[in-house]
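Worksheet: the structure to be examined is printed underneath.
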Amino acid sequence: MRPSLPAAVTAVLVTVTVAVSGCSGPAATRAAGGTTVTVFAAASLKATFTRLGRAFEASHPGTAVVFNFAGSQALAEQITQGAPADAFASANEASMATVAGAGLAAGRARPFATNTLTIAVPPDNPAAVATFADLARPGLKLVVCAPAVPCGAATLTLEEATGVTLAPVSEEQAVTDVLAKVRAGEADAGLVYATDVIAAGDSVRGIAFPESSRAVNRNVIVALSGGPQSGLGQEFVDLVRSAEGQQVLADAGFGTAT
Amino acid sequence: MTLACAATLAARGFDIDLEVGEGERVAVLGQNGSGKSTLLGVLAGTLRPDAGRASLDGRVLFDLGPGRRLWLPPHRRGIALLAQDPLLFPHLTVLDNVAFAPRVGGAPRADARARAERWLEEVEVLPLAGRRPHELSGGEAQRVALARALAAEPALLLLDEPMAAVDVAVAPMLRRVLRRVLAGRTTMIVTHDLLDALLLSDRLVVMEEGRVAESGPTEETLRHPRAGFTARLAGLNLIRGTRDGGGVVGRDGVRIDGTTGDAPALRDGDPAAAAFAPAEVSIYLSPPTGSPRNHLPVTITEVEPHGELVRVRGDDHHGHSIAADVTPVSVAELDLYPGRDVTFVVKAATVTIYPA
Amino acid sequence: MPAAAGAAFVVVPLLALGLRVDWSRFGELLGSPSSLAALTLSLQTSAVATLACLVLGVPMALVLARRRFPGRQVVRSLALLPLVLPPVVGGIALLYTFGRRGLLGQTLDVLGVPVAFTSVAVVLAQTFVALPFLVVSLEGTLRSVGQRYEAVAATLGAPPSTVLCRVTLPLVLPGLLSGAVLSFARALGEFGATITFAGSLQGVTRTLPLEIYLRQVDDPDAAMALSLVLVAVAIGITVATARLGERAHR
């Protein structure tokens with residue numbers, strides 16, 4: 001079948017229109033009549049940073065905070081490719097190094113929170129998991145993050161530090177995928193960040209274990225020199241590191257960074 | 001009696017009761033929508049009547065009605081169907097198409113192929129055995145389809161306008177083959193072509209509005225039509241006799257020249273018939289000159305309106321009643337009336353000669 | 001012009017991908033154990049899924065194309081649902097069917113047939129999303145071929161099973177093959193339902209698309225090399241189905 005010319009034109013126009021409006025729509029409306037500060041932040045910070053963003057807007061009338069939540073490494077690449085961002089909060093130091101290495105950081109990146117792994121089990125804990133060593137039990141269906149992503153790297157560190165060899169049935173791409181499998185009862189246990197368990201509410205149960213201190217993940221933040229509102233970016237960084245910011249993070253299960 | 005069928009199908013206004021004898025060839029004629037296709041569908045088993053009963057060679061095909069629900073599926077009826085389109089299986093060779101029914105019937109491959117070859121020979125296409133259906137002409141394909149149907153050795157063969165989709169030039173050839181292989185075979189042929197009916201059937205069944213309007217021996221029925229459709233159809237002029245050179249000589253010496261699409265099949269002295277339509281006949285008061293024409297001296301017996309034309313019937317004094325359709329203006333100009341002697345003239349090119 | 005723009009819209013990203021691939025390391029990137037494991041697993045599971053599509057899809061297509069029954073349109077729409085459903089939704093649906101706590105999963109688990117986190121789960125996810133391709137392709141061919149040949153075969157004494165094997169299936173072979181090829185391609189590209197339902201473990205459930213997604217995080221060069229492999233397979237399949245289509249129309 002040969003599509004008619006008008007149909008093809010329409011299709012192209014629709015595609016272009018959707019693409020253009022999708023790119024610029026929200027930012028443009030939010031910016032109307034004020035300034036906008038753009039923050040790129042790791043996906044694990046979505047809940048806390050959204051709250052802090054509202055607080056920032058309250059103390060800076062006329063300023064809107066726009067977030068881009070994604071994997072830290074993906075965000076770092078977007079920034080080095082020239083994405084306009086005023087501040088960058090990374091869930092690990094490696095991704096931050098990418099940005100700093102490109103000379104885009106305004107100053108030194110500062111740690112603002114830590115995150116440790118915890119065991120997530122279904123609410124009824126069918127496999128009766130109690131300790132980290134339990135996770136190596138034969139027949140137990142354990143789901144972890146893939147080593148390529150930060151939570152997986154932390155898992156690997158823990159295995160090496162404790163000498164416990166885990167045999168997961170799946171290495172997921174993201175913490176959310178691990179949680180989903182635990183929540184559905186597919187997995188008997190999963191290794192996720194403590195903050196993820198708190199965010200998941202009653203749908204999963206968290207089991208803290210002392211060995212977790214041997215793989216501490218440090219969240220770091222910096223204002224970006226190339227951003228259109230770099231100054232406001234620095235002010236957001238300050239808010240995160242303030243007592244108010246630290247309280248919001250602690251409520252969500254983050255540890256204090258030193 | 002081989003086939004007995006009584007069936008009603010209210011949705012199509014179909015209500016029929018007919019019988020076909022052993023080896024009898026029945027032609028079914030009728031206008032579009034008169035129920036011919038329904039009849040074939042009911043017999044072949046692709047269409048289920050509301051009620052009725054049919055049996056073939058003592059086997060019950062269906063018996064439907066209050067408390068009776070017998071229904072034999074198509075493949076167990078022993079009824080083969082040759083349709084307008086040959087519908088040869090495109091993925092099989094000509095030979096394997098014809099061998100299909102014997103194979104399905106359980107014959108070993110070699111055996112089935114030998115039988116297929118016999119039937120291909122019977123319809124004169126054996127040299128095409130190795131070809132694929134898309135490499136055949138329309139006439140060839142239809143003959144292969146005929147061989148395929150015959151190879152099933154059906155107790156009843158149904159033909160649904162087998163000539164309709166075939167090139168005019170090859171129709172006579174196919175007709176001749178059909179005439180030969182259908183002889184003595186229990187057959188029901190649906191057609192709208194009078195010539196086919198004449199040549200390929202012993203008995204005529206004329207259908208109108210889902211019912212049998214008329215039934216009887218083919219030639220007699222056409223000569224004395226009762227149903228309107230038969231009358232219109234039977235308008236064709238027919239002179240029987242023997243083949244002689246380019247024409248037909250009647251038993252009484254009347255000679256008519258014509259054309260044969262299939263000349264080699266007829267030799268001088270073979271029984272033959274000449275047919276021509278009344279519209280092709282012109283009327284002259286005195287014999288005109290001009291060689292390629294047939295002149296038939298007649299005495300007018302009837303002048304009757306016939307649609308927008310006038311049908312003039314003439315008696316040639318040899319037992320033939322010949323019809324001519326002319327305009328009312330001609331009737332007036334020539335002053336035609338019963339009892340007047342005139343000459344009917346028909347061009348040889350419009351007369352069809354065929355074996356009888 | 002718009003046609004050229006449309007073509008460019010498809011071709012340019014593929015070219016961009018080709019340009020970004022680190023050709024000097026191409027062989028090494030594809031030859032890594034994780035890449036090879038993903039490639040092998042993808043080919044194996046997709047082949048099994050295609051077989052499953054044939055086993056399930058042929059009867060479905062036959063019923064949809066040949067039988068008339070009340071609610072046929074509804075059944076048809078339901079059967080084709082995976083075509084328009086986001087694969088991740090399909091994955092969730094499969095999870096609650098075949099998962100350990102799912103509708104059938106509990107029984108299967110008791111019977112000693114664990115599905116979750118096994119290659120079986122991958123095949124189930126692939127079959128789920130690929131099945132409609134086979135059904136649509138075959139149903140269309142069945143309709144275009146029509147029932148007249150089948151009717152003729154029946155009047156020649158062939159019972160329905162013989163008609164199916166000797167007439168219907170040979171007649172629709174091009175449609176069947178192109179449907180199978182499309183199903184294979186869809187199974188090979190399946191991502192959303194697999195990651196949701198089957199998990200991700202090298203050699204067991206981590207198929208090529210999952211491997212690409214994962215490598216994108218820590219080794220983008222490998223991800224691009226593997227992507228190019230999928231592009232090549234897709235082009236090969238498109239050409240093959242086009243050829244089959246031509247054959248069917250001759």
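Note on naming: chains are A, B, ... as they come in the structure tokens, residues start from 1 per chain, ligands start from 1 in the order shown.
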What lies within 6 Å of stretch 17-20 of chain B using only C-alpha atoms, ignoring chain neighbours under 4 positions off, as a VMD selection string? chain B and resid 2 to 6
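Non-sequential neighbours of C:Val136 (distance at most 9 Å, separation of 6 or more positions within a chain, only C-alpha atoms) are Ala61, Leu80 and Gly179 of chain C.
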Selected residues written out, C-alpha atoms, as a PDB file, in the first residue's frame:
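Once everything was written out, this is part.pdb:
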```
ATOM      1  CA  ALA C  61      -5.792 -17.938  13.174  1.00  0.00           C
ATOM      2  CA  LEU C  80      -4.400  -9.100  19.382  1.00  0.00           C
ATOM      3  CA  GLY C 179       4.302 -14.616  10.352  1.00  0.00           C
TER       4      GLY C 179
END
```
Kindly determine which residues of chain C lie within 10 Å of chain B, considering only C-alpha atoms, and give the answer as a PyMOL selection string. chain C and resi 148-160+162-163+166-168+170-171+173+250
May I have the selected residues written with N, CA and C atoms, as a PDB file, in the first residue's frame?
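Below is the file part13.pdb, written as the result:
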```pdb
ATOM      1  N   ARG C 148     -12.560 -21.355  -1.006  1.00  0.00           N
ATOM      2  CA  ARG C 148     -13.056 -22.079  -2.176  1.00  0.00           C
ATOM      3  C   ARG C 148     -12.236 -23.333  -2.458  1.00  0.00           C
ATOM      4  N   TYR C 149     -10.902 -23.224  -2.253  1.00  0.00           N
ATOM      5  CA  TYR C 149     -10.074 -24.409  -2.481  1.00  0.00           C
ATOM      6  C   TYR C 149     -10.441 -25.503  -1.469  1.00  0.00           C
ATOM      7  N   GLU C 150     -10.731 -25.070  -0.249  1.00  0.00           N
ATOM      8  CA  GLU C 150     -11.083 -26.040   0.787  1.00  0.00           C
ATOM      9  C   GLU C 150     -12.398 -26.735   0.429  1.00  0.00           C
ATOM     10  N   ALA C 151     -13.348 -25.949  -0.112  1.00  0.00           N
ATOM     11  CA  ALA C 151     -14.631 -26.532  -0.503  1.00  0.00           C
ATOM     12  C   ALA C 151     -14.423 -27.557  -1.617  1.00  0.00           C
ATOM     13  N   VAL C 152     -13.571 -27.206  -2.584  1.00  0.00           N
ATOM     14  CA  VAL C 152     -13.294 -28.136  -3.681  1.00  0.00           C
ATOM     15  C   VAL C 152     -12.690 -29.428  -3.132  1.00  0.00           C
ATOM     16  N   ALA C 153     -11.715 -29.269  -2.230  1.00  0.00           N
ATOM     17  CA  ALA C 153     -11.055 -30.451  -1.667  1.00  0.00           C
ATOM     18  C   ALA C 153     -12.069 -31.353  -0.969  1.00  0.00           C
ATOM     19  N   ALA C 154     -13.037 -30.723  -0.275  1.00  0.00           N
ATOM     20  CA  ALA C 154     -14.045 -31.521   0.425  1.00  0.00           C
ATOM     21  C   ALA C 154     -14.900 -32.299  -0.569  1.00  0.00           C
ATOM     22  N   THR C 155     -15.267 -31.651  -1.688  1.00  0.00           N
ATOM     23  CA  THR C 155     -16.101 -32.375  -2.663  1.00  0.00           C
ATOM     24  C   THR C 155     -15.302 -33.480  -3.355  1.00  0.00           C
ATOM     25  N   LEU C 156     -13.972 -33.426  -3.216  1.00  0.00           N
ATOM     26  CA  LEU C 156     -13.152 -34.506  -3.768  1.00  0.00           C
ATOM     27  C   LEU C 156     -12.938 -35.612  -2.742  1.00  0.00           C
ATOM     28  N   GLY C 157     -13.638 -35.488  -1.616  1.00  0.00           N
ATOM     29  CA  GLY C 157     -13.613 -36.570  -0.633  1.00  0.00           C
ATOM     30  C   GLY C 157     -12.633 -36.376   0.512  1.00  0.00           C
ATOM     31  N   ALA C 158     -12.028 -35.201   0.614  1.00  0.00           N
ATOM     32  CA  ALA C 158     -11.038 -34.996   1.666  1.00  0.00           C
ATOM     33  C   ALA C 158     -11.703 -34.571   2.973  1.00  0.00           C
ATOM     34  N   PRO C 159     -11.491 -35.327   4.057  1.00  0.00           N
ATOM     35  CA  PRO C 159     -12.025 -34.913   5.353  1.00  0.00           C
ATOM     36  C   PRO C 159     -11.280 -33.673   5.859  1.00  0.00           C
ATOM     37  N   PRO C 160     -11.868 -32.947   6.834  1.00  0.00           N
ATOM     38  CA  PRO C 160     -11.306 -31.658   7.266  1.00  0.00           C
ATOM     39  C   PRO C 160      -9.816 -31.713   7.626  1.00  0.00           C
ATOM     40  N   THR C 162      -7.496 -33.671   6.464  1.00  0.00           N
ATOM     41  CA  THR C 162      -6.725 -33.771   5.220  1.00  0.00           C
ATOM     42  C   THR C 162      -6.722 -32.440   4.484  1.00  0.00           C
ATOM     43  N   VAL C 163      -7.876 -31.780   4.468  1.00  0.00           N
ATOM     44  CA  VAL C 163      -7.962 -30.474   3.815  1.00  0.00           C
ATOM     45  C   VAL C 163      -6.964 -29.518   4.458  1.00  0.00           C
ATOM     46  N   ARG C 166      -3.230 -30.835   3.520  1.00  0.00           N
ATOM     47  CA  ARG C 166      -2.828 -30.910   2.109  1.00  0.00           C
ATOM     48  C   ARG C 166      -3.232 -29.698   1.303  1.00  0.00           C
ATOM     49  N   VAL C 167      -4.175 -28.920   1.806  1.00  0.00           N
ATOM     50  CA  VAL C 167      -4.625 -27.773   1.017  1.00  0.00           C
ATOM     51  C   VAL C 167      -4.391 -26.459   1.758  1.00  0.00           C
ATOM     52  N   THR C 168      -5.033 -26.313   2.932  1.00  0.00           N
ATOM     53  CA  THR C 168      -4.988 -25.021   3.603  1.00  0.00           C
ATOM     54  C   THR C 168      -3.565 -24.600   3.968  1.00  0.00           C
ATOM     55  N   PRO C 170      -0.495 -25.708   2.996  1.00  0.00           N
ATOM     56  CA  PRO C 170       0.387 -25.398   1.862  1.00  0.00           C
ATOM     57  C   PRO C 170       0.025 -24.083   1.178  1.00  0.00           C
ATOM     58  N   LEU C 171      -1.271 -23.780   1.090  1.00  0.00           N
ATOM     59  CA  LEU C 171      -1.690 -22.550   0.423  1.00  0.00           C
ATOM     60  C   LEU C 171      -1.243 -21.314   1.190  1.00  0.00           C
ATOM     61  N   LEU C 173       1.295 -21.113   3.198  1.00  0.00           N
ATOM     62  CA  LEU C 173       2.684 -21.239   3.641  1.00  0.00           C
ATOM     63  C   LEU C 173       3.449 -19.909   3.637  1.00  0.00           C
ATOM     64  N   ARG C 250       2.686 -13.748  -6.214  1.00  0.00           N
ATOM     65  CA  ARG C 250       2.881 -14.216  -7.582  1.00  0.00           C
ATOM     66  C   ARG C 250       1.894 -15.282  -7.956  1.00  0.00           C
TER      67      ARG C 250
END
```
I'd like the contact shell of A:Thr35 - 9 Å cut-off, only C-alpha atoms, skipping same-chain residues fewer than 5 positions apart - returned as an MDAnalysis selection string. chainID A and resid 30 62:65 229
I need the chosen residues saved as a tab-separated table (two decimals), in the first residue's frame, with N, CA and C atoms.
```tsv
chain	number	residue	atom	x	y	z
A	30	ARG	N	6.52	26.88	33.20
A	30	ARG	CA	6.96	27.13	34.57
A	30	ARG	C	7.79	28.40	34.66
A	62	GLY	N	8.99	33.52	42.97
A	62	GLY	CA	9.28	33.83	41.57
A	62	GLY	C	10.28	32.87	40.95
A	63	THR	N	10.81	31.96	41.75
A	63	THR	CA	11.76	31.00	41.21
A	63	THR	C	11.11	29.61	41.19
A	64	ALA	N	11.31	28.93	40.09
A	64	ALA	CA	10.78	27.56	39.99
A	64	ALA	C	11.95	26.59	39.92
A	65	VAL	N	11.78	25.44	40.59
A	65	VAL	CA	12.80	24.40	40.53
A	65	VAL	C	12.31	23.29	39.60
A	229	GLN	N	21.60	29.31	35.59
A	229	GLN	CA	21.35	29.91	36.91
A	229	GLN	C	22.29	29.27	37.92
```
With a cut-off of 7 Å, could you pull out the residues of chain A touching chain C and give me the nearest pair of atoms for each, distance in Å to one decimal, using only C-alpha atoms, ordered by chain and ascending number, as JSON lines?
```
{"residue": "A:Ala8", "atom": "CA", "partner": "C:Pro2", "partner_atom": "CA", "distance": 6.4}
{"residue": "A:Val9", "atom": "CA", "partner": "C:Pro2", "partner_atom": "CA", "distance": 5.7}
{"residue": "A:Gln73", "atom": "CA", "partner": "C:Val217", "partner_atom": "CA", "distance": 6.7}
{"residue": "A:Ala148", "atom": "CA", "partner": "C:Asp218", "partner_atom": "CA", "distance": 5.5}
{"residue": "A:Val149", "atom": "CA", "partner": "C:Val217", "partner_atom": "CA", "distance": 6.9}
{"residue": "A:Val169", "atom": "CA", "partner": "C:Phe117", "partner_atom": "CA", "distance": 6.0}
{"residue": "A:Ser170", "atom": "CA", "partner": "C:Leu201", "partner_atom": "CA", "distance": 4.8}
{"residue": "A:Glu171", "atom": "CA", "partner": "C:Ser200", "partner_atom": "CA", "distance": 5.2}
{"residue": "A:Glu172", "atom": "CA", "partner": "C:Ser200", "partner_atom": "CA", "distance": 5.6}
{"residue": "A:Gln173", "atom": "CA", "partner": "C:Leu214", "partner_atom": "CA", "distance": 6.3}
{"residue": "A:Gly185", "atom": "CA", "partner": "C:Arg101", "partner_atom": "CA", "distance": 6.4}
{"residue": "A:Glu186", "atom": "CA", "partner": "C:Arg100", "partner_atom": "CA", "distance": 5.5}
```
May I have the residues from that selection written out with N, CA, C and O atoms, as a PDB file, in the first residue's frame?
```pdb
ATOM      1  N   ALA A   8       1.059  11.479   4.689  1.00  0.00           N
ATOM      2  CA  ALA A   8       2.452  11.493   5.092  1.00  0.00           C
ATOM      3  C   ALA A   8       2.815  12.845   5.706  1.00  0.00           C
ATOM      4  O   ALA A   8       3.471  12.918   6.747  1.00  0.00           O
ATOM      5  N   VAL A   9       2.339  13.917   5.057  1.00  0.00           N
ATOM      6  CA  VAL A   9       2.626  15.259   5.564  1.00  0.00           C
ATOM      7  C   VAL A   9       2.064  15.411   6.974  1.00  0.00           C
ATOM      8  O   VAL A   9       2.741  15.858   7.895  1.00  0.00           O
ATOM      9  N   GLN A  73      24.661   7.941  36.214  1.00  0.00           N
ATOM     10  CA  GLN A  73      25.576   7.890  35.081  1.00  0.00           C
ATOM     11  C   GLN A  73      24.936   8.514  33.835  1.00  0.00           C
ATOM     12  O   GLN A  73      25.577   9.243  33.099  1.00  0.00           O
ATOM     13  N   ALA A 148      26.646  -3.460  37.233  1.00  0.00           N
ATOM     14  CA  ALA A 148      26.842  -2.261  36.429  1.00  0.00           C
ATOM     15  C   ALA A 148      26.202  -1.024  37.050  1.00  0.00           C
ATOM     16  O   ALA A 148      26.603   0.098  36.757  1.00  0.00           O
ATOM     17  N   VAL A 149      25.203  -1.222  37.924  1.00  0.00           N
ATOM     18  CA  VAL A 149      24.535  -0.066  38.526  1.00  0.00           C
ATOM     19  C   VAL A 149      24.988   0.062  39.984  1.00  0.00           C
ATOM     20  O   VAL A 149      25.423  -0.925  40.593  1.00  0.00           O
ATOM     21  N   VAL A 169      19.016 -15.095  41.694  1.00  0.00           N
ATOM     22  CA  VAL A 169      18.305 -15.618  40.526  1.00  0.00           C
ATOM     23  C   VAL A 169      18.155 -14.539  39.473  1.00  0.00           C
ATOM     24  O   VAL A 169      17.809 -14.826  38.324  1.00  0.00           O
ATOM     25  N   SER A 170      18.373 -13.291  39.862  1.00  0.00           N
ATOM     26  CA  SER A 170      18.280 -12.222  38.876  1.00  0.00           C
ATOM     27  C   SER A 170      19.097 -11.027  39.321  1.00  0.00           C
ATOM     28  O   SER A 170      19.154 -10.714  40.510  1.00  0.00           O
ATOM     29  N   GLU A 171      19.752 -10.395  38.345  1.00  0.00           N
ATOM     30  CA  GLU A 171      20.495  -9.160  38.614  1.00  0.00           C
ATOM     31  C   GLU A 171      19.781  -8.054  37.875  1.00  0.00           C
ATOM     32  O   GLU A 171      19.882  -7.937  36.659  1.00  0.00           O
ATOM     33  N   GLU A 172      19.050  -7.244  38.611  1.00  0.00           N
ATOM     34  CA  GLU A 172      18.176  -6.265  37.968  1.00  0.00           C
ATOM     35  C   GLU A 172      18.914  -4.987  37.619  1.00  0.00           C
ATOM     36  O   GLU A 172      19.970  -4.665  38.157  1.00  0.00           O
ATOM     37  N   GLN A 173      18.285  -4.262  36.725  1.00  0.00           N
ATOM     38  CA  GLN A 173      18.843  -3.021  36.211  1.00  0.00           C
ATOM     39  C   GLN A 173      18.704  -1.888  37.215  1.00  0.00           C
ATOM     40  O   GLN A 173      19.508  -0.980  37.258  1.00  0.00           O
ATOM     41  N   GLY A 185       6.350 -11.108  45.510  1.00  0.00           N
ATOM     42  CA  GLY A 185       6.554 -12.434  46.082  1.00  0.00           C
ATOM     43  C   GLY A 185       7.323 -13.359  45.175  1.00  0.00           C
ATOM     44  O   GLY A 185       7.506 -14.534  45.483  1.00  0.00           O
ATOM     45  N   GLU A 186       7.763 -12.842  44.043  1.00  0.00           N
ATOM     46  CA  GLU A 186       8.567 -13.648  43.138  1.00  0.00           C
ATOM     47  C   GLU A 186       9.890 -14.009  43.785  1.00  0.00           C
ATOM     48  O   GLU A 186      10.393 -15.114  43.649  1.00  0.00           O
TER      49      GLU A 186
END
```
